[in-house]
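Asks: I'd like to ask you about the structure that follows.
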Amino acid sequence: MADYIIRRLISLVFVLLAVSAIVFAMMHAVPGGPFDTQQGHLPPAARENILRKYGLDKPVWQQYLNYMSHALRFDFGIPYQQPQTTVAALIAKTWSVTLQVGVMTIIVAFGLGITAGKFAAYHQNSWIDNLVTFTATLGVTVPNFVVAMWFILFFGVARQWLPVGGWGVSHCLFGSWFCTDWILPVAAYALAPMAVVARYTRSSIVDVIREDYVRTARAKGLAESLVMKRHVLRNAQIPMVTALGTEIPNLITGSIFIETTFRINGLGKFFVTSTLHRDYPMIMATFLLVALLWGVTYMLTDIAYTMIDPRVRLGARGEGHG
Amino acid sequence: MVRPAPAREKTVNGLVLPDDAAPYSEQVLRLPCDNTRNETTFDSAVTIYQVFGCGGNLFGDTLVDLDKDFTPRPAAAASWSVADDGVTWTFRLREGMMWSDGTPVTAHDYVATFRLEATPEHGWDFSWFYTALGDGGIANWTRVVAGELPPEELGVRAIDELTLEIVTEGFFPPFPGAMKFGYVLQKRALEQHGPFYNNDPATSVSSGPYILDEFDPGNRIILVANPDYTGYRPARLARIEGIYMSPATYFIAFQTGEIDLVSDGALTPTDFISIDRDPVLRDNYLRHYGDFRTDYILFDTFNPPFDDLDVRKAFAFSVDREAIVRGVYGEIKAMPAHSMLMPGFPAADTEGTLAGFQHFDCGLARQHLAAAGFPGGDGFPGLEMWLRGEAPALAAVYQATAASIAQCLKIDLQVSNKDGKVFMDALNARPTRLQLGAVSYGMDFLDPANLLGAWVSTGRHSWKNEAFDQAVVGASRLLGNPDRRLQMFRDAERILVDDVGGVFIAHRWQGDLFKPHVLGDSFRQPDSNGVYGRHWGNDWFWGDVYIGKRE
Amino acid sequence: MASSSTARFGDTGRALDVIPTEHRSFWQDARRRFLRNRLAVFGLAIVSCIALLAIFAEFLAPFPYDFARFDRVLLLPFENTDHPLGTDEVGRDYLSRLIFGARTSLMVSLVVQGIAVLIGVPVGALAGYLGGAFDFVVSRIIDVMTAFPSLLFAILIISILGGGLQTIIVALSITGWILIARLTRAQFLTLREQEYAVAARALGVPVRRIIFRHLLPNALTTILVAVSFGIPATIFAEAGLSFIGLGINDPMASWGKMVGVSNAYVRVYWHLALFPTLAIALTMLGFAFLGDGLRDALDPKQQSQ
């Protein structure tokens, strides 16, 4: 296993290199640069000079090598959007907030979602099941920026029960152990993942309930609950882990809609605004971060498969004719 | 027993607050900052299009300010005059202005700022302005920006500590108005910390009415009144707090009482319904000209199909401006436009004589299209009208315009709301790659030379008309006969409208919604046309606004 | 496939069902099972209705989707009898736009999900089943594509290929297959170790047969669930692109775009948000029930029910 992990981490490095090259190339291929102005064009001399100042006049491959040589020393440059700080500092500051939001959302979404999904699966095809499916559908159908606005208008304006924005700034109880301005953003953000979690949980469990060996076990006379626990859940977890594993890196990198609408100064918005503003250093850093997070997530889910189902062999050769 | 009247409080600059003012500790103005925009600096001299929406340009005074009628009035410059040669302007700085680090403000600071703006390496995004001014541009500006001359050759120099001399390229009487853009950065701070020195309270230096107290990008900005300020607009406020939020939630934050001011750009049609239904809100929405902004369609007139005047005229006559303004735009936000200059602007067509060239007449539009060879729209190519990253409410207006054209002329016209940079990239390409687009343009200073100058063939529009160019340039240069000058501009506008350089859709009314306790003559009193509101360029607003006693 | 006359391994309690009453093929069985499942039929009905709306939009919609009247802007439902669902912010009939929107949204989401399945399922299946170097390479490609800059890519290809539906589909498909590939791979990693798979391998059954006949049906549920989620996800991804000028142009209608635009008006004009949301929800439900029903009908372990 340790061997496997080391091999995966090494391959992750190559993945990061590939991602960096792709993003860098695409970034420079897209029309419109970071210093193109709103009104008249920048006079050619000014444009040349500012490009030279930021090293953007060199050939793209040379800029790439320059960037990578700095990146390997963990110098990710200075964001064009906030020239008084560094990319690393900006990410550190904003990501800590996004992580808080994300972790809370994960707890709520997974907790409620798995419970609902299990409930629906064990009462398969009853009205309970249909209700859960229906609610889950709605949760995933309404995009989170719409939900966010509805929540704010209802809970914050029509009935002034909850604050409409900020994170950890207002109405904190027990000395910022719990802030009421966490409620709306987490609720809005958790709705869709909760629905996804519930659906996948339900379908995975339903699937396995029908497995032959479950029937066999039942026929052998094992107590019902033991049947459920030992066989059903274990095998239901594989697709669940895959789908839910996908949700986690999504949630901890944040959502631009939740963050801008609820005034949360997080990292989520930079994934979009950096592209729109052509902030090259931030674009590179955010995508490398994403690649790193997902690579690690995939590795962990693969390892999780082996833990759930010991028969799974990773990296093994297939037998029989190929 | 008669209680003595409470002592009227003083500000940190020693000003006495008005009778109806709240206690000084309550003199806090809370503003919304846009958390989606790309904003990098407090100073327009660094980048004018990426200045912080809250707190920008309060760390220094420009040479000239504008009064409610857009007439230049003294700001950092106490007076100015022009020599007999007509091109040498002398600005005498107000005495006693100080930086917050104890050093005096001198003409050298202004010179250093102009030179910075012209330095090619700095890449100032407003550097096109002095070139576009033509005769009104600063001498050698274009050549310095092009890198042909060093910044020291710029036509700006300090005669002494308090006297600034600026030489223009040619005769340009309205030049003082252009010195609204005469920003100042501290020469020493520039040399020590570079142009972004104001982004950190530790290195920030201010000669303006406020100083930087706290700067947490993405969260908030806090300015406090500058106790050492000796300029023309001492603050009545004690603090300004800027809170970052999404423009979609500005009005919501206003309603929950978290901010005191929302501008029309962030108000949606449903917000205006709420405003209209509430008498208090209605009374406190103060509408004004803004920058006399006009929405219009532009073409690439050098290539088919818009190289044909009949096609352009067909477009001009097929837009039902009145219905669009009434139904889609909202009369509170706009008025129909038949030309570039909004009524209220000098040389504007207040009688509507230019409407004959651009108004809604579908029959006439179809005739023109048939004359161009596309009877009933047959054979006319399918087109895509590009927008520049517009918000939904404005996108709806342009979509309505396109629908009006398509339905009248029976052509296929689609609208694409492009990423801003992609749009500008296509527009500014030479030759332009933007065949058909819809944008808006507002003034940079109050003179037809500015708004009509934008249409001159060397500008950003792909349209060329010799007679127009001559009329505008000639009028800009004319000295000593203001009436004739305005008439020349009117004639030029007539050419623009008749030759359909653009199809004009609407003039915008801008406005601000204030909390009732936000007071100040700068916006609560009308201008000479009876228009209230915080007029564009009234930077003395920041020394005038104060918080009133709340009932 | 085995006919119902063959006894099933483990089916010890159902001996009587083994006696065939008539000769039926697997497909007839499947169809019968499907039609007896009320929810499945309901799902099929919904999907068919929406498909019909999409196909025959020109005949079913009361107005053209781009016809605007500026004196009928933002009408609430039934404010004007011509417009039972109201009008939008440019003065166009909302019901008509909803109907035409079905065409755009359905086309984009079905094609993108179709491509996702066509690419993702075989890739994931082979990766999970074969393991080894093949799995390694495929997994690394997946790693890289997950961090793919979709927004940049969308801006880029639209600037090259121009706007329009095909470009949008390409932009959305480039990364749309990843989740399905990963889900399929995960399923196959475990399924290949089931006793019958091991047995089949030992017996020398060809890989293709094992994958398609034996293992794939068991992975079907997860794939169908992923597709049923993928449809609204694609609709909204397309809406997101539209916001930054990369999606379909106006005046073309799509449900996702209609929901997105509604956000600015939702305080008063609730109908702008409600109807397209319901439409998307209904579509997703329809596909969900249909998918569940298909899985149940085709499930070889279900034949005695």
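Residue numbers start at 1 in each chain; chains themselves are named A, B, ... in the order of the structure tokens; ligands are numbered from 1 in the order shown.
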What are the nearest atom pairs, with distances in Å to one decimal, for all residues of chain B that come at most 7 Å from chain A, using only C-alpha atoms, set out by chain and rising residue number as JSON lines?
Replies:
```
{"residue": "B:Asn35", "atom": "CA", "partner": "A:Thr260", "partner_atom": "CA", "distance": 6.5}
{"residue": "B:Asn38", "atom": "CA", "partner": "A:Gln81", "partner_atom": "CA", "distance": 6.0}
{"residue": "B:Glu39", "atom": "CA", "partner": "A:Gln81", "partner_atom": "CA", "distance": 6.6}
{"residue": "B:Thr40", "atom": "CA", "partner": "A:Gln82", "partner_atom": "CA", "distance": 5.6}
{"residue": "B:Pro120", "atom": "CA", "partner": "A:Ala46", "partner_atom": "CA", "distance": 4.0}
{"residue": "B:Glu121", "atom": "CA", "partner": "A:Asn49", "partner_atom": "CA", "distance": 4.6}
{"residue": "B:His122", "atom": "CA", "partner": "A:Ile50", "partner_atom": "CA", "distance": 6.5}
{"residue": "B:Gly123", "atom": "CA", "partner": "A:Ala46", "partner_atom": "CA", "distance": 4.9}
{"residue": "B:Asp125", "atom": "CA", "partner": "A:Thr37", "partner_atom": "CA", "distance": 5.9}
{"residue": "B:Trp128", "atom": "CA", "partner": "A:Gly40", "partner_atom": "CA", "distance": 6.2}
{"residue": "B:Val145", "atom": "CA", "partner": "A:Ala46", "partner_atom": "CA", "distance": 6.2}
{"residue": "B:Ala146", "atom": "CA", "partner": "A:Ala45", "partner_atom": "CA", "distance": 4.6}
{"residue": "B:Gly147", "atom": "CA", "partner": "A:Ala45", "partner_atom": "CA", "distance": 6.0}
{"residue": "B:Asn199", "atom": "CA", "partner": "A:Gln84", "partner_atom": "CA", "distance": 6.6}
{"residue": "B:Gly218", "atom": "CA", "partner": "A:Asn265", "partner_atom": "CA", "distance": 5.4}
{"residue": "B:Asn219", "atom": "CA", "partner": "A:Asn265", "partner_atom": "CA", "distance": 6.0}
{"residue": "B:Tyr244", "atom": "CA", "partner": "A:Arg263", "partner_atom": "CA", "distance": 6.6}
{"residue": "B:Met245", "atom": "CA", "partner": "A:Arg263", "partner_atom": "CA", "distance": 5.0}
{"residue": "B:Ser246", "atom": "CA", "partner": "A:Thr260", "partner_atom": "CA", "distance": 5.3}
{"residue": "B:Thr249", "atom": "CA", "partner": "A:Thr261", "partner_atom": "CA", "distance": 6.7}
{"residue": "B:Thr256", "atom": "CA", "partner": "A:Val157", "partner_atom": "CA", "distance": 6.8}
{"residue": "B:Lys421", "atom": "CA", "partner": "A:Gly32", "partner_atom": "CA", "distance": 5.0}
{"residue": "B:Val422", "atom": "CA", "partner": "A:Gly32", "partner_atom": "CA", "distance": 5.4}
{"residue": "B:Met424", "atom": "CA", "partner": "A:Gln38", "partner_atom": "CA", "distance": 6.8}
{"residue": "B:Asp425", "atom": "CA", "partner": "A:Gly32", "partner_atom": "CA", "distance": 5.5}
{"residue": "B:Asn428", "atom": "CA", "partner": "A:His41", "partner_atom": "CA", "distance": 6.2}
{"residue": "B:Arg460", "atom": "CA", "partner": "A:Gly40", "partner_atom": "CA", "distance": 6.6}
```
Asks: Counting only C-alpha atoms, what is within 9 Å of range 223-239 of chain C, bar same-chain residues fewer than 2 positions away, as an MDAnalysis selection string?
Replies: (chainID A and resid 137 140:143 196 199:200 203 243) or (chainID C and resid 105:106 108:110 112:114 116:117 121 168:169 172 176 179:180 183:184 219:221 241:243 246:248 254:260 280:281 283:288 291:292 294:295)
Asks: Run DSSP on the backbone and give me the residues of range 97-291 of chain B it puts in helix (DSSP H, G or I), as number ranges by chain.
Replies: B: 107-118, 120-122, 128-132, 134-136, 141-145, 151-153, 175-181, 187-193, 197-199, 247-255, 264-266, 269-277, 279-284
Asks: If we count only C-alpha atoms and set the cut-off at 7 Å, which residues sit around Thr201 in chain A, ignoring sequence neighbours fewer than 4 positions away in its own chain? Please answer as a list in words.
Replies: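 Residues near the query, excluding close chain neighbours: Ile114, Gly117, Lys118, Val197, Ile205 and Met240 of chain A.
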Asks: Could you list, as a PyMOL selection string, the residues of chain C having an atom within 8 Å of chain A when counting only C-alpha atoms?
Replies: chain C and resi 10+129-133+135-136+140+143-144+146-149+151-153+155-156+159+179+182-183+186-187+189-190+193+201-202+204-207+221-222+225+229+232-233+236+259-260+263+267+277+280-281+284-285+301
Asks: Do me a favour and pick out the residues of chain C within 9 Å of chain B, using only C-alpha atoms, as a ChimeraX atom specification.
Replies: /C:66-74,89-91,155,159,163,242-252,261-269
